[in-house]
file input-v8.pdb (PDB, C-alpha atoms)
ATOM      1  CA  MET I   1     206.475  51.128  72.767
ATOM      2  CA  ALA I   2     203.299  49.197  72.031
ATOM      3  CA  GLY I   3     201.370  47.679  74.896
ATOM      4  CA  GLN I   4     199.995  44.172  75.291
ATOM      5  CA  LEU I   5     196.498  43.103  74.241
ATOM      6  CA  PHE I   6     194.920  40.359  76.363
ATOM      7  CA  PHE I   7     192.036  38.734  74.485
ATOM      8  CA  VAL I   8     189.885  37.128  77.189
ATOM      9  CA  VAL I   9     187.537  34.376  76.018
ATOM     10  CA  GLY I  10     185.412  31.719  77.637
ATOM     11  CA  PRO I  11     181.917  30.327  77.793
ATOM     12  CA  SER I  12     178.970  32.445  78.834
ATOM     13  CA  GLY I  13     178.719  32.499  82.612
ATOM     14  CA  ALA I  14     182.425  31.897  83.220
ATOM     15  CA  GLY I  15     182.640  35.306  84.898
ATOM     16  CA  LYS I  16     184.794  37.175  82.399
ATOM     17  CA  ASP I  17     183.211  40.574  83.128
ATOM     18  CA  THR I  18     183.478  40.107  86.892
ATOM     19  CA  LEU I  19     187.145  39.164  86.626
ATOM     20  CA  LEU I  20     187.965  41.987  84.216
ATOM     21  CA  ALA I  21     186.289  44.545  86.487
ATOM     22  CA  GLY I  22     188.154  43.188  89.493
ATOM     23  CA  ALA I  23     191.490  43.153  87.683
ATOM     24  CA  VAL I  24     191.296  46.797  86.574
ATOM     25  CA  ALA I  25     190.099  47.804  90.051
ATOM     26  CA  GLN I  26     193.182  46.186  91.601
ATOM     27  CA  ASP I  27     195.757  47.191  88.991
ATOM     28  CA  SER I  28     195.473  50.740  87.658
ATOM     29  CA  SER I  29     197.980  49.998  84.898
ATOM     30  CA  LEU I  30     195.382  47.785  83.166
ATOM     31  CA  VAL I  31     192.791  49.172  80.738
ATOM     32  CA  TRP I  32     189.490  47.421  79.999
ATOM     33  CA  ALA I  33     188.535  48.079  76.369
ATOM     34  CA  GLN I  34     184.869  48.986  76.073
ATOM     35  CA  ARG I  35     182.870  47.154  73.425
ATOM     36  CA  CYS I  36     179.982  48.394  71.307
ATOM     37  CA  ILE I  37     177.148  45.855  71.398
ATOM     38  CA  THR I  38     173.778  45.661  69.671
ATOM     39  CA  ARG I  39     172.149  44.902  73.034
ATOM     40  CA  PRO I  40     170.050  47.229  75.185
ATOM     41  CA  ALA I  41     172.059  48.811  78.004
ATOM     42  CA  LEU I  42     169.356  47.661  80.434
ATOM     43  CA  ALA I  43     170.441  44.060  79.787
ATOM     44  CA  GLY I  44     173.360  44.617  82.160
ATOM     45  CA  GLY I  45     176.755  42.997  82.121
ATOM     46  CA  GLU I  46     179.958  44.890  81.480
ATOM     47  CA  PRO I  47     179.994  48.615  80.778
ATOM     48  CA  PHE I  48     179.422  48.820  77.015
ATOM     49  CA  ALA I  49     178.244  51.236  74.372
ATOM     50  CA  GLU I  50     174.740  50.301  73.285
ATOM     51  CA  MET I  51     174.137  50.466  69.535
ATOM     52  CA  THR I  52     171.174  49.682  67.365
ATOM     53  CA  GLU I  53     171.795  47.391  64.426
ATOM     54  CA  PRO I  54     171.706  50.324  61.938
ATOM     55  CA  GLN I  55     174.125  52.335  64.117
ATOM     56  CA  PHE I  56     176.478  49.352  64.293
ATOM     57  CA  GLN I  57     176.368  48.780  60.546
ATOM     58  CA  ALA I  58     177.054  52.480  59.913
ATOM     59  CA  ALA I  59     180.047  52.432  62.290
ATOM     60  CA  LEU I  60     181.315  49.266  60.621
ATOM     61  CA  ALA I  61     180.968  50.817  57.146
ATOM     62  CA  ALA I  62     182.801  53.942  58.363
ATOM     63  CA  GLY I  63     185.738  51.817  59.535
ATOM     64  CA  ASP I  64     185.270  52.735  63.193
ATOM     65  CA  PHE I  65     186.044  49.254  64.525
ATOM     66  CA  ALA I  66     189.485  47.720  64.991
ATOM     67  CA  LEU I  67     187.742  44.390  65.647
ATOM     68  CA  HIS I  68     184.180  43.166  65.231
ATOM     69  CA  TRP I  69     182.261  39.901  65.337
ATOM     70  CA  ALA I  70     178.808  38.399  65.741
ATOM     71  CA  ALA I  71     177.790  35.979  68.495
ATOM     72  CA  HIS I  72     174.544  34.939  70.164
ATOM     73  CA  GLY I  73     172.492  37.000  67.717
ATOM     74  CA  LEU I  74     174.334  40.216  68.614
ATOM     75  CA  HIS I  75     177.081  42.261  66.993
ATOM     76  CA  TYR I  76     180.174  43.312  68.918
ATOM     77  CA  GLY I  77     182.695  45.949  67.917
ATOM     78  CA  VAL I  78     185.826  47.393  69.477
ATOM     79  CA  SER I  79     186.674  50.880  68.295
ATOM     80  CA  HIS I  80     190.139  52.033  67.392
ATOM     81  CA  ALA I  81     189.835  54.542  70.253
ATOM     82  CA  ALA I  82     189.151  51.759  72.781
ATOM     83  CA  LEU I  83     192.454  50.130  71.788
ATOM     84  CA  ALA I  84     194.443  53.393  71.601
ATOM     85  CA  PRO I  85     196.027  52.773  75.048
ATOM     86  CA  LEU I  86     198.069  50.024  73.357
ATOM     87  CA  GLN I  87     199.982  52.797  71.547
ATOM     88  CA  GLN I  88     200.798  54.305  74.948
ATOM     89  CA  GLY I  89     202.364  51.045  76.128
ATOM     90  CA  LYS I  90     199.386  50.000  78.247
ATOM     91  CA  ALA I  91     198.096  46.497  78.884
ATOM     92  CA  VAL I  92     194.566  46.308  77.445
ATOM     93  CA  LEU I  93     192.040  43.664  78.459
ATOM     94  CA  LEU I  94     189.318  42.799  75.965
ATOM     95  CA  ASN I  95     186.357  40.507  76.520
ATOM     96  CA  GLY I  96     186.558  38.744  73.182
ATOM     97  CA  SER I  97     184.953  35.812  71.435
ATOM     98  CA  ARG I  98     186.547  32.493  70.590
ATOM     99  CA  GLY I  99     185.102  32.864  67.086
ATOM    100  CA  ALA I 100     187.080  36.084  66.670
ATOM    101  CA  ILE I 101     190.460  34.847  67.910
ATOM    102  CA  LEU I 102     192.018  34.310  64.482
ATOM    103  CA  MET I 103     190.734  37.651  63.141
ATOM    104  CA  ALA I 104     192.046  39.410  66.263
ATOM    105  CA  ARG I 105     195.389  37.609  65.988
ATOM    106  CA  ALA I 106     195.706  38.769  62.376
ATOM    107  CA  ALA I 107     195.181  42.373  63.483
ATOM    108  CA  PHE I 108     197.225  42.058  66.700
ATOM    109  CA  PRO I 109     199.786  39.278  66.191
ATOM    110  CA  ASP I 110     201.321  39.705  69.652
ATOM    111  CA  MET I 111     198.050  39.466  71.571
ATOM    112  CA  ARG I 112     197.787  36.938  74.362
ATOM    113  CA  VAL I 113     194.696  34.797  74.771
ATOM    114  CA  ILE I 114     193.347  34.050  78.243
ATOM    115  CA  LEU I 115     190.666  31.376  78.555
ATOM    116  CA  VAL I 116     188.338  31.792  81.546
ATOM    117  CA  THR I 117     186.432  28.620  82.385
ATOM    118  CA  ALA I 118     184.214  27.159  85.098
ATOM    119  CA  PRO I 119     182.507  23.801  85.647
ATOM    120  CA  ILE I 120     179.227  23.369  83.748
ATOM    121  CA  ASP I 121     177.076  23.461  86.914
ATOM    122  CA  VAL I 122     178.644  26.792  87.889
ATOM    123  CA  LEU I 123     178.011  28.175  84.396
ATOM    124  CA  ALA I 124     174.359  27.080  84.542
ATOM    125  CA  LYS I 125     173.825  28.716  87.924
ATOM    126  CA  ARG I 126     175.450  31.991  86.838
ATOM    127  CA  LEU I 127     173.522  32.168  83.564
ATOM    128  CA  SER I 128     170.218  31.615  85.365
ATOM    129  CA  ALA I 129     171.087  34.234  87.998
ATOM    130  CA  ARG I 130     171.869  36.994  85.523
ATOM    131  CA  GLY I 131     168.403  36.769  83.986
ATOM    132  CA  ARG I 132     169.301  37.858  80.442
ATOM    133  CA  GLU I 133     168.618  34.592  78.626
ATOM    134  CA  THR I 134     165.665  32.260  78.281
ATOM    135  CA  GLN I 135     166.020  28.660  79.428
ATOM    136  CA  SER I 136     166.517  27.563  75.806
ATOM    137  CA  ASP I 137     169.210  30.260  75.370
ATOM    138  CA  ILE I 138     170.937  28.985  78.510
ATOM    139  CA  ALA I 139     170.790  25.404  77.248
ATOM    140  CA  ALA I 140     172.330  26.473  73.921
ATOM    141  CA  ARG I 141     175.109  28.406  75.682
ATOM    142  CA  LEU I 142     175.879  25.451  77.944
ATOM    143  CA  GLU I 143     176.018  23.173  74.911
ATOM    144  CA  ARG I 144     178.689  25.461  73.412
ATOM    145  CA  ALA I 145     180.615  25.743  76.711
ATOM    146  CA  GLY I 146     183.011  22.904  75.953
ATOM    147  CA  PHE I 147     185.064  24.125  73.020
ATOM    148  CA  GLU I 148     188.556  23.985  71.678
ATOM    149  CA  LEU I 149     190.582  26.988  70.693
ATOM    150  CA  PRO I 150     191.638  27.270  67.062
ATOM    151  CA  LYS I 151     194.578  25.090  66.107
ATOM    152  CA  GLY I 152     197.892  26.681  67.027
ATOM    153  CA  VAL I 153     196.402  29.138  69.545
ATOM    154  CA  PHE I 154     197.834  28.886  73.039
ATOM    155  CA  ALA I 155     195.917  30.367  75.961
ATOM    156  CA  SER I 156     196.596  30.820  79.627
ATOM    157  CA  GLU I 157     193.707  29.203  81.482
ATOM    158  CA  VAL I 158     191.932  30.744  84.450
ATOM    159  CA  ILE I 159     189.499  28.462  86.247
ATOM    160  CA  ASN I 160     186.881  30.683  87.858
ATOM    161  CA  ASP I 161     185.130  28.247  90.164
ATOM    162  CA  SER I 162     185.462  30.015  93.501
ATOM    163  CA  THR I 163     184.989  33.516  94.871
ATOM    164  CA  PRO I 164     185.418  36.593  92.673
ATOM    165  CA  GLU I 165     188.510  37.527  94.697
ATOM    166  CA  ILE I 166     190.186  34.201  93.951
ATOM    167  CA  GLY I 167     189.172  34.437  90.280
ATOM    168  CA  VAL I 168     190.606  37.963  89.996
ATOM    169  CA  ALA I 169     193.865  36.818  91.618
ATOM    170  CA  ARG I 170     194.071  33.981  89.094
ATOM    171  CA  LEU I 171     193.433  36.372  86.188
ATOM    172  CA  LEU I 172     196.081  38.811  87.409
ATOM    173  CA  GLN I 173     198.520  35.926  87.710
ATOM    174  CA  ALA I 174     197.780  34.890  84.108
ATOM    175  CA  ILE I 175     198.312  38.492  82.947
ATOM    176  CA  LYS I 176     201.597  38.827  84.796
ATOM    177  CA  GLY I 177     202.727  35.293  83.889
TER     178      GLY I 177
END

call {"tool": "encode", "arguments": {"input": "input-v8.pdb", "output": "structure tokens"}}
result
Amino acid sequence: MAGQLFFVVGPSGAGKDTLLAGAVAQDSSLVWAQRCITRPALAGGEPFAEMTEPQFQAALAAGDFALHWAAHGLHYGVSHAALAPLQQGKAVLLNGSRGAILMARAAFPDMRVILVTAPIDVLAKRLSARGRETQSDIAARLERAGFELPKGVFASEVINDSTPEIGVARLLQAIKG
């Protein structure tokens, strides 16, 4: 029996990584799919596999990725191995990209989309605190924060405007719901 893919999207600073980490810590039946990213590991954030641009392009050419996309000047890929728990009937959480929803839906028609959001002032504070982006990068990310999902895509919404514990509880409720 195939498992369920949860494609988690939302603006930068909404707290997707924090909520995903909390959800898998609380529910051992959930699997967090690791992404390959063309970003230095020292940049922080979720646990990911660091790749150089040439390494990423070679993996892409070799067909190593089940899903891949570009955003914010970086490339993101999800290997077939990272999604293998789906074949074991597991629920897999993936920090995705709204720009990749339709491609992901084509590959995984039964996936569920979860939109994690937060008020703009909360996003701004979180982006500044993580220290990965310049002020102009933060401004650009905040400008993109208000977006609509592709036509015909339904998402459960998780508003992450409180403590991490409350946000994780809301995410788990959306997963179970």

call {"tool": "resolve_selection", "arguments": {"input": "input-v8.pdb", "expression": "the PyMOL selection byres ((chain I and resi 48-60) around 7)", "output": "ChimeraX atom specification"}}
result
/I:34-41,46-47,61-65

call {"tool": "closest_residue", "arguments": {"input": "input-v8.pdb", "among": "I:His72, I:Arg112, I:Arg98, I:Arg144", "to": "Arg132 of chain I", "atoms": "only C-alpha atoms"}}
result
I:His72

call {"tool": "closest_residue", "arguments": {"input": "input-v8.pdb", "among": "I:Ile114, I:Tyr76, I:Arg126, I:Ala104", "to": "Gln173 of chain I", "atoms": "only C-alpha atoms"}}
result
I:Ile114

call {"tool": "resolve_selection", "arguments": {"input": "input-v8.pdb", "expression": "the PyMOL selection byres ((chain I and resi 158-170) around 12)", "output": "PyMOL selection string"}}
result
chain I and resi 8-11+13-27+113-123+125-126+155-157+171-177

call {"tool": "residues_near_point", "arguments": {"input": "input-v8.pdb", "point": "(194.4, 34.2, 63.8)", "cutoff": "12 Å", "atoms": "all atoms listed in the file", "output": "VMD selection string"}}
result
chain I and resid 7 98 to 113 149 to 154

call {"tool": "axis_aligned_box", "arguments": {"input": "input-v8.pdb", "around": "segment 138-143 of chain I", "padding_each_side": "3 Å", "output": "lines of an AutoDock Vina configuration file"}}
result
center_x = 173.4
center_y = 26.1
center_z = 76.2
size_x = 11.2
size_y = 11.8
size_z = 10.6

call {"tool": "residues_around", "arguments": {"input": "input-v8.pdb", "residues": "Ser29 of chain I", "least_positions_apart": "6", "cutoff": "12 Å", "atoms": "all atoms listed in the file", "output": "PDB file with C-alpha atoms, in the frame of the given file"}}
result
ATOM      1  CA  GLY I   3     201.370  47.679  74.896  1.00  0.00           C
ATOM      2  CA  GLN I   4     199.995  44.172  75.291  1.00  0.00           C
ATOM      3  CA  ALA I  23     191.490  43.153  87.683  1.00  0.00           C
ATOM      4  CA  PRO I  85     196.027  52.773  75.048  1.00  0.00           C
ATOM      5  CA  LEU I  86     198.069  50.024  73.357  1.00  0.00           C
ATOM      6  CA  GLN I  88     200.798  54.305  74.948  1.00  0.00           C
ATOM      7  CA  GLY I  89     202.364  51.045  76.128  1.00  0.00           C
ATOM      8  CA  LYS I  90     199.386  50.000  78.247  1.00  0.00           C
ATOM      9  CA  ALA I  91     198.096  46.497  78.884  1.00  0.00           C
ATOM     10  CA  VAL I  92     194.566  46.308  77.445  1.00  0.00           C
ATOM     11  CA  LEU I  93     192.040  43.664  78.459  1.00  0.00           C
ATOM     12  CA  LEU I 172     196.081  38.811  87.409  1.00  0.00           C
ATOM     13  CA  ILE I 175     198.312  38.492  82.947  1.00  0.00           C
ATOM     14  CA  LYS I 176     201.597  38.827  84.796  1.00  0.00           C
TER      15      LYS I 176
END

call {"tool": "atom_distance", "arguments": {"input": "input-v8.pdb", "atom1": "atom CA of Asp137 of chain I", "atom2": "atom CA of Ala66 of chain I"}}
result
28.7 Å

call {"tool": "atom_distance", "arguments": {"input": "input-v8.pdb", "atom1": "atom CA of Gly73 of chain I", "atom2": "atom CA of Leu5 of chain I"}}
result
25.6 Å

call {"tool": "closest_residue", "arguments": {"input": "input-v8.pdb", "among": "I:Trp32, I:Glu148, I:Ala124, I:Gln135", "to": "Gly96 of chain I", "atoms": "only C-alpha atoms"}}
result
I:Trp32

call {"tool": "atom_distance", "arguments": {"input": "input-v8.pdb", "atom1": "atom CA of Ala140 of chain I", "atom2": "atom CA of Ser12 of chain I"}}
result
10.2 Å
